[in-house]
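Here the structure is laid out as structure tokens; the discussion comes afterwards.
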Amino acid sequence: MTQALELICPAGTPAALRAAVDAGGDAVYAGFRDETNARNFPGLNFSREELRDGLAYAHERGARVLLAINTYPRAGDPGPWHRAVDDAAALGVDAVILADIGLADYAARRYPELRRHLSVQASAANPEAIGFYHQAFGIKRVVLPRVLTVEQIAALNREIAVETEIFAFGGLCVMAEGRCSLSSYATGRSPNIAGVCSPASHVRYVDEGDRLVSRLGDFTINAFGEGEQAGYPTLCKGRFRALGKASYLFEEPTSLNVAHILPELMAAGVSALKIEGRQRGKAYVAAVVRAFRRAIDAAAAGETADLDDLSAISEGGQETQGAYQKAWR
Amino acid sequence: MSAPSRLAPSLALGPVQYNWPVDDWRDFYFRIADEAPVDTVYVGETVCSKRTPFYAPVLPEVIERLTDAGKEVIISTLSLVMSGPERAELVETTGADFMVEANDMAAVALLEGRRHVIGPTINVYNEATLAVLARRGAQRVCLPAELAREAITALAADPPADLEVQVFGRLPLAISARCYHARAHGLSKDSCRYVCAEDRDGLALDTLDHEAFLTVNGVQTQSHSYCNLIGELADLQALGVTRFRLWPQDCDMVAVAALFRRVAEGALAADEALAQLEDITGGVAFSNGFYHGCEGVAAIGVA
């Protein structure tokens with residue numbers, strides 16, 4: 001019996017939080033309802049009161065709550081981010097997930113006892129960078145950007161003094177996270193500043209009769225013929241033209257799924273798996289968490305779980321192991 | 001027509017982002033050394049470590065030529081450091097006796113306690129981050145492309161390090177482990193055949209409706225438009241920003257630098273310079289939206 005992978009689940013709403021805890025999540029991650037977190041979508045996230053209740057619900061059931069404060073504080077206006085850290089400490093969250101150097105410095109000085117994780121948005125992909133955040137701000141865990149192979153993650157874990165958490169299932173960033181301004185180039189709204197990527201406020205679907213065009217800002221991101229399912233125009237999942245050919249140059253509309261390589265990830269020294277999807281409803285969260293709970297427990301016992309139900313959940317049915325496989329590059 | 005209150009500008013030429021044939025690359029820098037009115041020249045591969053071996057043999061002579069011409073030379077480093085060889089090379093570069101530009105936090109870590117420059121792909125969005133980096137030895141920070149005037153104003157109020165702003169050229173917007181140049185050719189990064197060398201100004205990535213949108217440069221994605229803040233130089237100088245970065249594009253960069261120099265010194269009106277820039281760049285769209293707090297592609301007063 002090996003140490004089981006920790007299962008970190010998305011909680012965009014109090015209902016999703018309860019669903020994730022009930023389905024067997026070891027921890028949930030959430031954000032306050034403002035621009036301090038990277039899923040700043042309308043109708044999502046937690047008020048202070050809701051987080052207090054969510055913490056009580058999780059803690060009574062042995063689960064932890066991590067609070068993402070992982071956008072980059074605005075110059076001249078750090079107040080909202082400082083208040084988020086202050087309130088996280090006061091409410092007793094189990095860890096804060098931070099990306100900004102200045103904010104990590106603030107949290108480390110003010111609340112040395114508050115556990116700090118490094119957000120994927122900090123894009124720390126090597127021992128030197130991770131060591132910097134560990135030494136300077138006492139970061140205990142790093143959420144790795146989706147750029148490394150399993151082999152590289154294993155090598156990394158041999159050299160660093162902190163835990164690693166990796167994305168396991170759901171939406172797939174194909175760029176190094178936190179270092180992408182594609183969304184703001186097209187819309188003026190970026191993950192780093194506004195906590196949104198390809199925001200719905202800038203999306204339009206135009207029915208041109210023979211095709212349905214999805215647009216982001218002033219740009220056509222995709223076009224669908226009759227019978228083709230129209231996807232959301234996330235910029236890096238769009239269809240574009242290069243060298244005279246139209247293709248999904250950055251990435252197909254596909255879903256990340258590592259459920260089939262859990263033993264390799266355990267052997268690579270990964271501590272925790274993160275399920276993407278704070279924008280998802282509670283039914284989706286419950287189904288994915290339940291399936292991963294089974295898969296993780298089976299892997300820890302040296303067995304293989306039946307994963308058919310997970311594949312059924314994947315967006316568009318297509319799945320990838322992304323950068324974890326070298327051939328993806 | 002020079003305005004007496006204007007702070008003296010300092011022009012910097014960013015590192016060449018593209019995979020130019022090594023002879024062209026060397027000759028480009030030789031010409032910059034001999035003719036371009038820039039104060040600082042960044043040299044070094046920032047995009048893909050597979051390209052580094054091509055430039056390494058001529059790097060010393062390029063540095064020497066630039067230094068002899070009175071330019072400040074800064075060695076730029078890789079934007080996304082992952083592999084063992086990439087790390088080893090970074091240790092070597094950061095250990096050498098040159099001013100280095102850090103473009104990954106690995107370089108920031110290695111450069112602690114030594115004077116260095118923070119490149120535009122390090123996330124410096126606020127005063128607190130700037131202060132931490134300055135305490136560790138950052139002397140100069142080239143700000144991220146998406147920062148608007150409002151943020152630059154706050155950062156420039158009392159900066160603990162010099163600020164540099166990107167004012168010309170295709171903006172680095174994203175970096176990935178995946179090579180899109182190779183992918184466009186049906187290849188993977190490991191078997192890329194260096195197809196990025198076919199595109200001296202990057203590979204155009206258009207929308208399905210044939211609108212120009214982005215530029216692929218190996219693992220890097222850039223804007224299609226050239227950022228152009230020649231009309232905002234006076235405003236930046238009024239904010240206290242005096243360092244301006246020009247990204248090398250496949251056009252007459254000596255002429256580009258000369259125009260930015262004259263406008264920044266108050267010797268030429270920005271609108272006159274703009275018309276000349278359009279001729280030099282051959283009709284590539286300009287943009288300045290990030291500076292004005294809207295979508296980066298927007299062109300306010302430069303279209």
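Residue names in the structure tokens use chain letters A, B, ... in the order shown, residue numbers from 1 in each chain, and ligand numbers from 1 in the order shown.
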
Specify as a ChimeraX atom specification all residues of chain A found within 6 Å of chain B, counting only C-alpha atoms.
/A:74-76,101-102,126,128-129,132,147,175-176,179-182,184-188,220,240-242,329

May I have the residues within 6 Å of Lys71 (chain B) as number ranges by chain, using only C-alpha atoms and disregarding those fewer than 4 positions away in the same chain?
B: 39-40, 66-67

Which of region 105-300 of chain A end up as strand (DSSP E or B) when DSSP is run on this backbone - answer as number ranges by chain?
A: 116-118, 141-143, 163-170, 203-207, 212-216, 219-224, 240-242, 245-247, 255-257, 272-275

For region 228-240 of chain B, find every residue with an atom within 6 Å (counting only C-alpha atoms), except residues of its own chain fewer than 5 positions away, and show them as a ChimeraX atom specification.
/B:167-168,270,286-288

For region 134-137 of chain A, list every protein, DNA or RNA residue within 6 Å, evaluated using only C-alpha atoms, and leave out those in the same chain fewer than 3 positions away; present the list as a list in words.
Asp105, Ala108 and Gly131 of chain A

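In terms of minimum interatomic distance to Ala30 (chain A), A:Asp94 ranks closest within A:Asp210, A:Asp94, A:Asp309, A:Glu6, counting only C-alpha atoms.
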
Which of region 111-287 of chain B counts as helix (DSSP H, G or I) under DSSP, as an MDAnalysis selection string please?
chainID B and resid 127:135 149:155 180:184 195:198 230:239 253:264 270:281

What is the CA of Glu252 (chain A) to CA of Asn45 (chain A) distance in Å?
28.3 Å

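Distance-wise, CA of Ala200 (chain A) and CA of Phe292 (chain A) end up 29.4 Å apart.
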
Spatial neighbours of region 61-71 of chain A, max dist 6 Å, only C-alpha atoms, sep filter under 3 positions, as a PyMOL selection string:
chain A and resi 26-31+36-38+58+93-99+192-193+195

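Omitting region 267-282 of chain A and its sequence neighbours fewer than 5 positions away, and counting only C-alpha atoms, the residues within 6 Å are Leu5, Glu6, Leu7, Ile8, Cys9, Pro10, Ala11, Gly12, Ala16, Ala19, Ala154, Glu163, Thr164, Glu165, Ile166, Phe167, Ala168, Phe169 and Gly170 of chain A.
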
Region 31-36 of chain B environment, 12 Å, only C-alpha atoms, sequence neighbours closer than 3 positions dropped, as a CSV table (one decimal) with N, CA and C atoms, in the first residue's frame:
```
chain,number,residue,atom,x,y,z
B,11,LEU,N,17.1,54.2,-25.1
B,11,LEU,CA,16.5,53.2,-26.0
B,11,LEU,C,17.2,51.8,-25.9
B,12,ALA,N,16.4,50.8,-25.8
B,12,ALA,CA,16.9,49.4,-25.7
B,12,ALA,C,16.4,48.6,-26.9
B,13,LEU,N,17.2,47.8,-27.4
B,13,LEU,CA,16.8,46.8,-28.5
B,13,LEU,C,16.7,45.5,-27.8
B,14,GLY,N,15.4,44.9,-27.8
B,14,GLY,CA,15.2,43.6,-27.2
B,14,GLY,C,15.9,42.5,-27.9
B,15,PRO,N,16.0,41.3,-27.4
B,15,PRO,CA,16.7,40.2,-28.1
B,15,PRO,C,15.9,39.8,-29.3
B,16,VAL,N,16.6,39.4,-30.4
B,16,VAL,CA,15.9,38.9,-31.6
B,16,VAL,C,15.1,37.6,-31.1
B,24,ASP,N,23.0,36.0,-40.6
B,24,ASP,CA,22.1,37.2,-40.6
B,24,ASP,C,22.0,37.8,-39.3
B,25,TRP,N,21.9,36.9,-38.3
B,25,TRP,CA,21.8,37.3,-36.9
B,25,TRP,C,23.0,38.1,-36.5
B,26,ARG,N,24.2,37.6,-36.8
B,26,ARG,CA,25.4,38.3,-36.5
B,26,ARG,C,25.5,39.7,-37.2
B,27,ASP,N,25.2,39.6,-38.5
B,27,ASP,CA,25.3,40.9,-39.3
B,27,ASP,C,24.3,41.9,-38.8
B,28,PHE,N,23.1,41.4,-38.4
B,28,PHE,CA,22.1,42.3,-37.8
B,28,PHE,C,22.7,43.1,-36.6
B,39,ASP,N,20.9,52.7,-26.8
B,39,ASP,CA,21.8,52.7,-25.7
B,39,ASP,C,22.2,51.3,-25.2
B,40,THR,N,21.1,50.4,-25.3
B,40,THR,CA,21.2,49.1,-24.7
B,40,THR,C,20.8,48.1,-25.7
B,41,VAL,N,21.5,46.9,-25.8
B,41,VAL,CA,21.2,45.9,-26.7
B,41,VAL,C,21.1,44.5,-25.9
B,42,TYR,N,20.0,43.9,-25.9
B,42,TYR,CA,19.8,42.6,-25.3
B,42,TYR,C,20.2,41.5,-26.4
B,43,VAL,N,20.9,40.5,-26.0
B,43,VAL,CA,21.4,39.5,-26.9
B,43,VAL,C,21.2,38.1,-26.2
B,61,GLU,N,31.7,37.5,-30.5
B,61,GLU,CA,32.1,38.6,-31.4
B,61,GLU,C,31.0,39.6,-31.5
B,62,VAL,N,29.7,39.2,-31.3
B,62,VAL,CA,28.6,40.1,-31.3
B,62,VAL,C,28.7,41.0,-30.1
B,63,ILE,N,29.0,40.4,-28.9
B,63,ILE,CA,29.1,41.2,-27.7
B,63,ILE,C,30.2,42.2,-27.8
B,64,GLU,N,31.3,41.7,-28.3
B,64,GLU,CA,32.5,42.6,-28.4
B,64,GLU,C,32.2,43.8,-29.3
B,65,ARG,N,31.6,43.5,-30.5
B,65,ARG,CA,31.3,44.6,-31.4
B,65,ARG,C,30.4,45.6,-30.8
B,66,LEU,N,29.3,45.1,-30.1
B,66,LEU,CA,28.4,46.0,-29.5
B,66,LEU,C,29.0,46.8,-28.4
B,67,THR,N,29.8,46.2,-27.6
B,67,THR,CA,30.5,46.8,-26.4
B,67,THR,C,31.5,47.9,-27.0
B,68,ASP,N,32.2,47.5,-28.0
B,68,ASP,CA,33.2,48.5,-28.6
B,68,ASP,C,32.5,49.7,-29.1
B,69,ALA,N,31.2,49.5,-29.6
B,69,ALA,CA,30.4,50.6,-30.1
B,69,ALA,C,29.8,51.5,-29.0
B,70,GLY,N,30.1,51.1,-27.7
B,70,GLY,CA,29.6,51.9,-26.6
B,70,GLY,C,28.2,51.5,-26.2
B,71,LYS,N,27.7,50.3,-26.7
B,71,LYS,CA,26.4,49.9,-26.2
B,71,LYS,C,26.5,49.1,-24.9
B,72,GLU,N,25.5,49.3,-24.1
B,72,GLU,CA,25.4,48.4,-22.9
B,72,GLU,C,24.8,47.1,-23.4
B,73,VAL,N,25.5,46.0,-23.1
B,73,VAL,CA,25.0,44.7,-23.6
B,73,VAL,C,24.5,43.9,-22.4
B,246,LEU,N,12.5,48.3,-28.0
B,246,LEU,CA,12.1,48.0,-29.4
B,246,LEU,C,12.4,46.5,-29.6
B,248,PRO,N,13.2,43.6,-32.2
B,248,PRO,CA,13.7,43.5,-33.6
B,248,PRO,C,12.6,42.8,-34.5
B,252,ASP,N,13.8,47.6,-41.3
B,252,ASP,CA,15.0,48.4,-41.0
B,252,ASP,C,15.0,48.9,-39.6
B,253,MET,N,15.6,48.2,-38.7
B,253,MET,CA,15.5,48.5,-37.3
B,253,MET,C,16.4,49.7,-36.9
B,254,VAL,N,17.4,50.0,-37.8
B,254,VAL,CA,18.2,51.2,-37.5
B,254,VAL,C,17.3,52.4,-37.7
B,255,ALA,N,16.5,52.4,-38.8
B,255,ALA,CA,15.6,53.5,-39.1
B,255,ALA,C,14.5,53.6,-38.0
B,256,VAL,N,14.0,52.4,-37.6
B,256,VAL,CA,13.0,52.5,-36.5
B,256,VAL,C,13.5,53.1,-35.3
B,257,ALA,N,14.7,52.7,-34.9
B,257,ALA,CA,15.4,53.2,-33.7
B,257,ALA,C,15.6,54.7,-33.8
B,258,ALA,N,16.0,55.2,-35.0
B,258,ALA,CA,16.2,56.6,-35.2
B,258,ALA,C,15.0,57.4,-35.0
B,259,LEU,N,13.8,56.9,-35.5
B,259,LEU,CA,12.6,57.6,-35.3
B,259,LEU,C,12.2,57.7,-33.9
B,260,PHE,N,12.3,56.6,-33.2
B,260,PHE,CA,11.9,56.6,-31.7
B,260,PHE,C,12.8,57.5,-31.0
B,261,ARG,N,14.1,57.5,-31.3
B,261,ARG,CA,15.0,58.4,-30.7
B,261,ARG,C,14.6,59.9,-30.9
```
